[in-house]
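Student: Hey, dropping query-v9.pdb in here, PDB, C-alpha atoms:
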ATOM      1  CA  MET L1295      77.466 -75.748  60.065
ATOM      2  CA  SER L1296      73.843 -75.829  61.245
ATOM      3  CA  LYS L1297      72.665 -72.439  62.440
ATOM      4  CA  LEU L1298      69.672 -70.159  62.887
ATOM      5  CA  TYR L1299      69.918 -66.773  61.170
ATOM      6  CA  LEU L1300      67.675 -63.834  62.034
ATOM      7  CA  VAL L1301      67.566 -61.727  58.890
ATOM      8  CA  PRO L1302      66.133 -58.183  58.772
ATOM      9  CA  THR L1303      64.138 -57.265  55.673
ATOM     10  CA  PRO L1304      63.261 -53.785  54.360
ATOM     11  CA  ILE L1305      60.462 -51.913  56.124
ATOM     12  CA  GLY L1306      59.482 -50.346  52.826
ATOM     13  CA  ASN L1307      62.258 -49.415  50.431
ATOM     14  CA  LEU L1308      63.731 -52.585  48.925
ATOM     15  CA  GLU L1309      67.116 -50.869  48.551
ATOM     16  CA  ASP L1310      67.528 -51.101  52.331
ATOM     17  CA  ILE L1311      68.249 -54.828  52.292
ATOM     18  CA  THR L1312      71.930 -55.673  52.782
ATOM     19  CA  LEU L1313      74.113 -57.674  50.431
ATOM     20  CA  ARG L1314      74.823 -60.032  53.307
ATOM     21  CA  ALA L1315      71.106 -60.611  53.928
ATOM     22  CA  ILE L1316      70.601 -61.554  50.276
ATOM     23  CA  ARG L1317      73.531 -63.958  50.402
ATOM     24  CA  VAL L1318      72.344 -65.666  53.591
ATOM     25  CA  LEU L1319      68.795 -66.034  52.280
ATOM     26  CA  LYS L1320      70.180 -67.711  49.156
ATOM     27  CA  GLU L1321      72.529 -70.026  51.059
ATOM     28  CA  VAL L1322      70.339 -71.364  53.893
ATOM     29  CA  ASP L1323      68.403 -74.614  53.510
ATOM     30  CA  PHE L1324      65.027 -73.089  54.344
ATOM     31  CA  ILE L1325      63.399 -69.789  55.311
ATOM     32  CA  LEU L1326      60.723 -69.181  57.940
ATOM     33  CA  ALA L1327      58.486 -66.291  56.859
ATOM     34  CA  GLU L1328      55.754 -64.485  58.783
ATOM     35  CA  ASP L1329      53.636 -64.248  55.626
ATOM     36  CA  THR L1330      54.815 -66.292  52.654
ATOM     37  CA  ARG L1331      52.838 -64.127  50.213
ATOM     38  CA  THR L1332      54.499 -60.913  51.394
ATOM     39  CA  SER L1333      57.962 -62.455  51.629
ATOM     40  CA  GLY L1334      57.458 -64.225  48.311
ATOM     41  CA  LYS L1335      57.484 -60.864  46.538
ATOM     42  CA  LEU L1336      60.752 -59.937  48.246
ATOM     43  CA  LEU L1337      62.421 -63.240  47.409
ATOM     44  CA  LYS L1338      61.262 -63.059  43.798
ATOM     45  CA  HIS L1339      62.629 -59.513  43.463
ATOM     46  CA  PHE L1340      66.096 -60.637  44.565
ATOM     47  CA  GLU L1341      65.925 -63.982  42.715
ATOM     48  CA  ILE L1342      66.051 -66.034  45.919
ATOM     49  CA  GLU L1343      64.733 -69.561  45.362
ATOM     50  CA  THR L1344      65.234 -71.005  48.861
ATOM     51  CA  PRO L1345      62.236 -73.044  50.130
ATOM     52  CA  MET L1346      60.010 -70.985  52.400
ATOM     53  CA  HIS L1347      57.673 -72.062  55.219
ATOM     54  CA  SER L1348      55.018 -70.140  57.121
ATOM     55  CA  HIS L1349      56.015 -69.113  60.653
ATOM     56  CA  HIS L1350      53.662 -66.696  62.401
ATOM     57  CA  MET L1351      52.123 -65.989  65.803
ATOM     58  CA  HIS L1352      49.350 -68.543  65.291
ATOM     59  CA  ASN L1353      51.551 -71.551  64.503
ATOM     60  CA  GLU L1354      54.992 -70.804  65.965
ATOM     61  CA  HIS L1355      54.351 -72.646  69.258
ATOM     62  CA  LYS L1356      53.569 -75.842  67.345
ATOM     63  CA  SER L1357      56.334 -75.567  64.759
ATOM     64  CA  VAL L1358      59.325 -74.716  66.969
ATOM     65  CA  GLU L1359      60.150 -78.306  67.963
ATOM     66  CA  GLY L1360      60.252 -79.475  64.352
ATOM     67  CA  ILE L1361      62.404 -76.528  63.317
ATOM     68  CA  VAL L1362      64.924 -77.242  66.074
ATOM     69  CA  LYS L1363      65.145 -80.899  65.003
ATOM     70  CA  ARG L1364      65.835 -79.915  61.407
ATOM     71  CA  ILE L1365      68.649 -77.586  62.448
ATOM     72  CA  GLN L1366      70.078 -80.190  64.818
ATOM     73  CA  ALA L1367      70.117 -82.590  61.861
ATOM     74  CA  GLY L1368      72.466 -80.230  60.037
ATOM     75  CA  GLU L1369      70.265 -77.746  58.172
ATOM     76  CA  THR L1370      70.564 -73.969  58.260
ATOM     77  CA  CYS L1371      67.518 -71.760  58.691
ATOM     78  CA  ALA L1372      66.752 -68.062  58.244
ATOM     79  CA  VAL L1373      63.852 -66.303  59.969
ATOM     80  CA  ILE L1374      62.315 -63.223  58.363
ATOM     81  CA  SER L1375      59.279 -61.131  59.251
ATOM     82  CA  ASP L1376      57.079 -59.124  56.893
ATOM     83  CA  ALA L1377      59.301 -56.104  57.498
ATOM     84  CA  GLY L1378      62.169 -55.192  59.799
ATOM     85  CA  THR L1379      64.071 -57.341  62.263
ATOM     86  CA  PRO L1380      62.473 -60.636  63.368
ATOM     87  CA  ALA L1381      61.343 -60.946  67.003
ATOM     88  CA  ILE L1382      60.859 -57.175  67.427
ATOM     89  CA  SER L1383      57.070 -57.212  67.898
ATOM     90  CA  ASP L1384      57.109 -60.050  65.330
ATOM     91  CA  PRO L1385      57.603 -63.841  65.347
ATOM     92  CA  GLY L1386      61.127 -65.083  65.963
ATOM     93  CA  PHE L1387      61.628 -65.016  69.723
ATOM     94  CA  LEU L1388      60.315 -68.516  70.421
ATOM     95  CA  VAL L1389      62.492 -70.287  67.859
ATOM     96  CA  THR L1390      65.503 -68.214  68.933
ATOM     97  CA  ARG L1391      64.969 -69.162  72.572
ATOM     98  CA  ALA L1392      64.569 -72.825  71.659
ATOM     99  CA  CYS L1393      67.782 -72.824  69.622
ATOM    100  CA  VAL L1394      69.722 -71.130  72.425
ATOM    101  CA  ALA L1395      68.370 -73.705  74.900
ATOM    102  CA  ASN L1396      69.545 -76.505  72.603
ATOM    103  CA  ASN L1397      73.032 -75.019  72.062
ATOM    104  CA  ILE L1398      72.327 -74.242  68.418
ATOM    105  CA  ALA L1399      74.283 -71.324  66.982
ATOM    106  CA  VAL L1400      72.157 -68.201  66.489
ATOM    107  CA  GLU L1401      73.264 -65.204  64.431
ATOM    108  CA  CYS L1402      71.307 -61.978  63.957
ATOM    109  CA  LEU L1403      72.263 -59.836  60.983
ATOM    110  CA  PRO L1404      72.146 -56.043  61.364
ATOM    111  CA  GLY L1405      69.601 -54.255  59.254
ATOM    112  CA  ALA L1406      66.299 -52.488  58.955
ATOM    113  CA  THR L1407      64.027 -51.853  61.918
ATOM    114  CA  ALA L1408      61.351 -49.183  62.186
ATOM    115  CA  PHE L1409      61.931 -47.759  65.647
ATOM    116  CA  VAL L1410      65.540 -46.609  65.177
ATOM    117  CA  PRO L1411      64.927 -44.062  62.393
ATOM    118  CA  ALA L1412      61.724 -42.940  64.132
ATOM    119  CA  LEU L1413      63.670 -42.294  67.334
ATOM    120  CA  VAL L1414      66.574 -40.549  65.630
ATOM    121  CA  ASN L1415      64.437 -38.211  63.523
ATOM    122  CA  SER L1416      62.041 -37.383  66.370
ATOM    123  CA  GLY L1417      64.361 -34.743  67.780
ATOM    124  CA  LEU L1418      63.751 -36.157  71.266
ATOM    125  CA  PRO L1419      66.591 -37.345  73.550
ATOM    126  CA  ASN L1420      67.941 -40.692  72.320
ATOM    127  CA  ASP L1421      70.844 -41.287  74.690
ATOM    128  CA  LYS L1422      68.465 -43.310  76.864
ATOM    129  CA  PHE L1423      65.178 -44.796  75.685
ATOM    130  CA  VAL L1424      62.720 -47.634  76.296
ATOM    131  CA  PHE L1425      60.996 -49.664  73.591
ATOM    132  CA  GLU L1426      57.420 -50.547  74.563
ATOM    133  CA  GLY L1427      56.133 -52.031  71.306
ATOM    134  CA  PHE L1428      52.339 -52.267  71.235
ATOM    135  CA  LEU L1429      50.414 -51.215  74.334
ATOM    136  CA  PRO L1430      47.926 -53.749  75.762
ATOM    137  CA  VAL L1431      44.623 -53.431  73.928
ATOM    138  CA  LYS L1432      42.385 -53.823  76.975
ATOM    139  CA  LYS L1433      43.577 -55.678  80.078
ATOM    140  CA  GLY L1434      46.568 -53.992  81.648
ATOM    141  CA  ARG L1435      46.487 -50.912  79.424
ATOM    142  CA  GLN L1436      45.580 -48.447  82.184
ATOM    143  CA  THR L1437      48.115 -49.958  84.573
ATOM    144  CA  ARG L1438      50.843 -49.759  81.931
ATOM    145  CA  LEU L1439      50.077 -46.135  81.104
ATOM    146  CA  GLN L1440      50.078 -45.164  84.787
ATOM    147  CA  LEU L1441      53.503 -46.765  85.178
ATOM    148  CA  LEU L1442      54.896 -45.126  82.038
ATOM    149  CA  ALA L1443      53.667 -41.712  83.162
ATOM    150  CA  GLU L1444      56.661 -41.715  85.545
ATOM    151  CA  GLU L1445      59.175 -42.937  82.923
ATOM    152  CA  SER L1446      61.970 -40.399  82.422
ATOM    153  CA  ARG L1447      63.466 -41.973  79.316
ATOM    154  CA  THR L1448      62.161 -41.394  75.804
ATOM    155  CA  MET L1449      59.494 -44.005  75.015
ATOM    156  CA  ILE L1450      58.883 -45.777  71.694
ATOM    157  CA  PHE L1451      55.593 -47.408  70.713
ATOM    158  CA  TYR L1452      54.223 -49.246  67.699
ATOM    159  CA  GLU L1453      50.595 -48.551  66.851
ATOM    160  CA  SER L1454      48.039 -49.424  64.179
ATOM    161  CA  PRO L1455      46.385 -46.609  62.211
ATOM    162  CA  HIS L1456      42.880 -47.191  63.556
ATOM    163  CA  LYS L1457      44.077 -47.083  67.181
ATOM    164  CA  LEU L1458      46.456 -44.126  66.919
ATOM    165  CA  VAL L1459      43.942 -41.423  67.887
ATOM    166  CA  LYS L1460      42.847 -43.418  70.936
ATOM    167  CA  THR L1461      46.454 -43.911  72.000
ATOM    168  CA  LEU L1462      47.312 -40.230  71.551
ATOM    169  CA  GLY L1463      44.267 -39.418  73.691
ATOM    170  CA  ASN L1464      45.640 -41.747  76.350
ATOM    171  CA  PHE L1465      48.967 -39.923  76.233
ATOM    172  CA  VAL L1466      47.211 -36.597  76.787
ATOM    173  CA  GLU L1467      45.313 -38.076  79.725
ATOM    174  CA  TYR L1468      48.160 -39.939  81.432
ATOM    175  CA  PHE L1469      51.297 -38.048  80.339
ATOM    176  CA  GLY L1470      49.924 -34.522  80.014
ATOM    177  CA  ALA L1471      48.736 -32.319  77.147
ATOM    178  CA  ASP L1472      52.153 -30.672  76.698
ATOM    179  CA  ARG L1473      54.249 -33.860  76.512
ATOM    180  CA  GLN L1474      56.264 -33.852  73.267
ATOM    181  CA  VAL L1475      55.318 -36.537  70.751
ATOM    182  CA  SER L1476      56.666 -37.549  67.346
ATOM    183  CA  VAL L1477      54.684 -39.806  65.018
ATOM    184  CA  SER L1478      56.541 -41.364  62.075
ATOM    185  CA  ARG L1479      54.397 -42.979  59.410
ATOM    186  CA  GLU L1480      55.324 -45.120  56.396
ATOM    187  CA  LEU L1481      59.064 -44.871  57.044
ATOM    188  CA  THR L1482      61.242 -45.324  53.899
ATOM    189  CA  LYS L1483      58.139 -45.379  51.670
ATOM    190  CA  MET L1484      56.822 -42.868  49.147
ATOM    191  CA  PHE L1485      54.448 -41.126  51.561
ATOM    192  CA  GLU L1486      56.760 -41.101  54.594
ATOM    193  CA  GLU L1487      55.993 -38.350  57.093
ATOM    194  CA  THR L1488      56.838 -37.359  60.655
ATOM    195  CA  ILE L1489      54.481 -35.138  62.672
ATOM    196  CA  ARG L1490      55.959 -33.560  65.816
ATOM    197  CA  GLY L1491      54.410 -31.446  68.568
ATOM    198  CA  THR L1492      52.700 -31.678  71.916
ATOM    199  CA  ALA L1493      50.457 -34.662  72.561
ATOM    200  CA  THR L1494      47.445 -32.385  72.077
ATOM    201  CA  GLU L1495      48.726 -30.932  68.804
ATOM    202  CA  VAL L1496      49.480 -34.332  67.319
ATOM    203  CA  LEU L1497      46.116 -35.664  68.515
ATOM    204  CA  VAL L1498      44.292 -32.788  66.802
ATOM    205  CA  HIS L1499      46.252 -33.393  63.590
ATOM    206  CA  TYR L1500      45.385 -37.081  63.323
ATOM    207  CA  THR L1501      41.800 -36.572  64.484
ATOM    208  CA  SER L1502      41.265 -34.380  61.423
ATOM    209  CA  LYS L1503      43.494 -36.475  59.138
ATOM    210  CA  PRO L1504      43.027 -40.211  59.883
ATOM    211  CA  PRO L1505      46.371 -41.962  59.351
ATOM    212  CA  LYS L1506      47.248 -44.908  57.160
ATOM    213  CA  GLY L1507      50.215 -47.261  57.070
ATOM    214  CA  GLU L1508      52.815 -48.429  59.562
ATOM    215  CA  ILE L1509      53.251 -46.125  62.566
ATOM    216  CA  VAL L1510      55.928 -45.530  65.222
ATOM    217  CA  VAL L1511      55.224 -43.122  68.089
ATOM    218  CA  VAL L1512      58.069 -41.574  70.065
ATOM    219  CA  VAL L1513      57.154 -39.841  73.349
ATOM    220  CA  GLU L1514      59.224 -37.580  75.550
ATOM    221  CA  GLY L1515      59.964 -38.908  79.037
ATOM    222  CA  LYS L1516      58.852 -37.174  82.199
ATOM    223  CA  LYS L1517      61.048 -34.221  83.043
TER     224      LYS L1517
END
Let me see the structure of the file written as structure tokens.
Tutor:
Amino acid sequence: MSKLYLVPTPIGNLEDITLRAIRVLKEVDFILAEDTRTSGKLLKHFEIETPMHSHHMHNEHKSVEGIVKRIQAGETCAVISDAGTPAISDPGFLVTRACVANNIAVECLPGATAFVPALVNSGLPNDKFVFEGFLPVKKGRQTRLQLLAEESRTMIFYESPHKLVKTLGNFVEYFGADRQVSVSRELTKMFEETIRGTATEVLVHYTSKPPKGEIVVVVEGKK
């Protein structure tokens, strides 16, 4: 039966892929990959020979209609991102929405995503939380930070290494110097680390030791 599968891929350690994910990737008619070079290494490692097509933020608006037509014609498709679960700050939402609108079956497999382990190992309350993804780079950033300063739930952010210090400085300014922060870097990889402390303490740490790799920031909500 024609269907769209959303398939999580490892965020670092290849052992984190599921047996079901491997099976689905082998069985579908074609795979949509955020970066075919990155995903090509994964598919080669697990001996997956399914045809793969590029599907990223720069072409997904144009390619969605054609993808939907292929699935409607009876094909099955899997969407993968470079790492983690598709559509979580990655391509995948648009094709999912289009399939839902056209009554095409959509199935998301459980699996790797960066923010869950970062939240759990932060030591901050995780009974209620809000995922913010990436903050606006320029327009709307100040407004968003002012709004989040009143958020009582634990907040989760994605950030790039070269913007982390700026963002931590924003947290000190808008949330307060003593707000608790946890920064997880390179989760599941060889140099994985989590730095916890007040916003000021974590800012000082990364000002003196510029970070590298994939980063998730977990911030305590307003008390």
Student: Which residues match the PyMOL selection byres ((chain L and resi 1484-1492) around 9) in the file above, as number ranges by chain?
Tutor: L: 1306-1307, 1412, 1415-1417, 1466, 1471-1483, 1493-1497, 1499
Student: Determine the residue membership of the PyMOL selection byres ((chain L and resi 1501) around 10) for the file above and supply it as a tab-separated table (two decimals) with C-alpha atoms, in the coordinates of the input.
Tutor:
chain	number	residue	atom	x	y	z
L	1458	LEU	CA	46.46	-44.13	66.92
L	1459	VAL	CA	43.94	-41.42	67.89
L	1460	LYS	CA	42.85	-43.42	70.94
L	1462	LEU	CA	47.31	-40.23	71.55
L	1463	GLY	CA	44.27	-39.42	73.69
L	1495	GLU	CA	48.73	-30.93	68.80
L	1496	VAL	CA	49.48	-34.33	67.32
L	1497	LEU	CA	46.12	-35.66	68.52
L	1498	VAL	CA	44.29	-32.79	66.80
L	1499	HIS	CA	46.25	-33.39	63.59
L	1500	TYR	CA	45.38	-37.08	63.32
L	1502	SER	CA	41.26	-34.38	61.42
L	1503	LYS	CA	43.49	-36.48	59.14
L	1504	PRO	CA	43.03	-40.21	59.88
L	1505	PRO	CA	46.37	-41.96	59.35
Student: Using the chain letters and numbers from the file, which residues does the PyMOL selection byres ((chain L and resi 1310) around 12) grab, as a PyMOL selection string?
Tutor: chain L and resi 1302-1309+1311-1316+1336+1377-1378+1404-1408+1481-1483
Student: Output, as AutoDock Vina command-line options, the centre and edge lengths in Å (one decimal) of the axis-aligned box that contains all listed atoms of range 1429-1434 of chain L with 6 Å of margin on each side.
Tutor:
--center_x 46.4 --center_y -53.4 --center_z 77.8 --size_x 20.0 --size_y 16.5 --size_z 19.7
Student: Nearest to Ser1296 in chain L: which of L:Thr1332, L:Asn1353, L:Gln1436, L:Thr1370 is it, counting all atoms listed in the file?
Tutor: L:Thr1370
Student: Neighbours of His1347 in chain L within 8 Å (all atoms listed in the file; same-chain residues fewer than 2 positions away dropped), as a ChimeraX atom specification?
Tutor: /L:1324-1327,1330,1345,1349
Student: Of the candidates L:Val1301, L:Ile1398, L:Val1389, L:Ala1367, which one gets nearest to Arg1317 in chain L if we count only C-alpha atoms?
Tutor: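 Nearest candidate to Arg1317 in chain L out of L:Val1301, L:Ile1398, L:Val1389, L:Ala1367: L:Val1301.
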Student: In Å, with one decimal, what is the gap from CA of Cys1371 in chain L to CA of Val1358 in chain L?
Tutor: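 Between these atoms lies a distance of 12.0 Å.
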Student: Would you list the contacts of Val1400 in chain L as a list in words, taking every protein, DNA or RNA residue within 12 Å and counting only C-alpha atoms, but skipping same-chain residues closer than 3 positions in sequence?
Tutor: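 Once the nearby chain positions are removed, what remains is Met1295, Ser1296, Lys1297, Leu1298, Tyr1299, Leu1300, Val1301, Val1362, Ile1365, Thr1370, Cys1371, Ala1372, Val1373, Gly1386, Phe1387, Val1389, Thr1390, Arg1391, Ala1392, Cys1393, Val1394, Ala1395, Asn1396, Asn1397 and Leu1403 of chain L.
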Student: Between CA of Pro1455 in chain L and CA of His1355 in chain L, what distance in Å does the model show, to one decimal?
Tutor: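 Going from CA of Pro1455 in chain L over to CA of His1355 in chain L covers 28.1 Å.
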Student: With distances taken over only C-alpha atoms, which residue among L:Lys1422, L:Glu1467, L:Glu1328, L:Lys1335 lies nearest His1352 in chain L?
Tutor: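 Counting only C-alpha atoms, the residue closest to His1352 in chain L is L:Glu1328.
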Student: What separation in Å, quoted to one decimal, exists between CA of Leu1319 in chain L and CA of Ala1381 in chain L?
Tutor: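 CA of Ala1381 in chain L lies at a distance of 17.3 Å from CA of Leu1319 in chain L.
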Student: In terms of the shortest atom-to-atom distance over only C-alpha atoms, which of L:Pro1380, L:Ile1509, L:Leu1388, L:Arg1331 is closest to Ser1357 in chain L?
Tutor: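 Between L:Pro1380, L:Ile1509, L:Leu1388, L:Arg1331, the residue approaching Ser1357 in chain L most closely is L:Leu1388.
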Student: Given all atoms listed in the file as the basis, pick out the residue of L:Glu1426, L:Glu1321, L:Glu1508, L:Glu1369 nearest to Arg1447 in chain L.
Tutor: L:Glu1426
Student: Please provide the set of residues having any atom within 10 Å of Thr1461 in chain L, restricted to all atoms listed in the file, with same-chain residues fewer than 5 positions apart removed, written as a list in words.
Tutor: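 The contact residues come out as Leu1429, Val1431, Phe1451, Glu1453, Ser1454, His1456, Val1466, Glu1467, Leu1497 and Val1511 of chain L.
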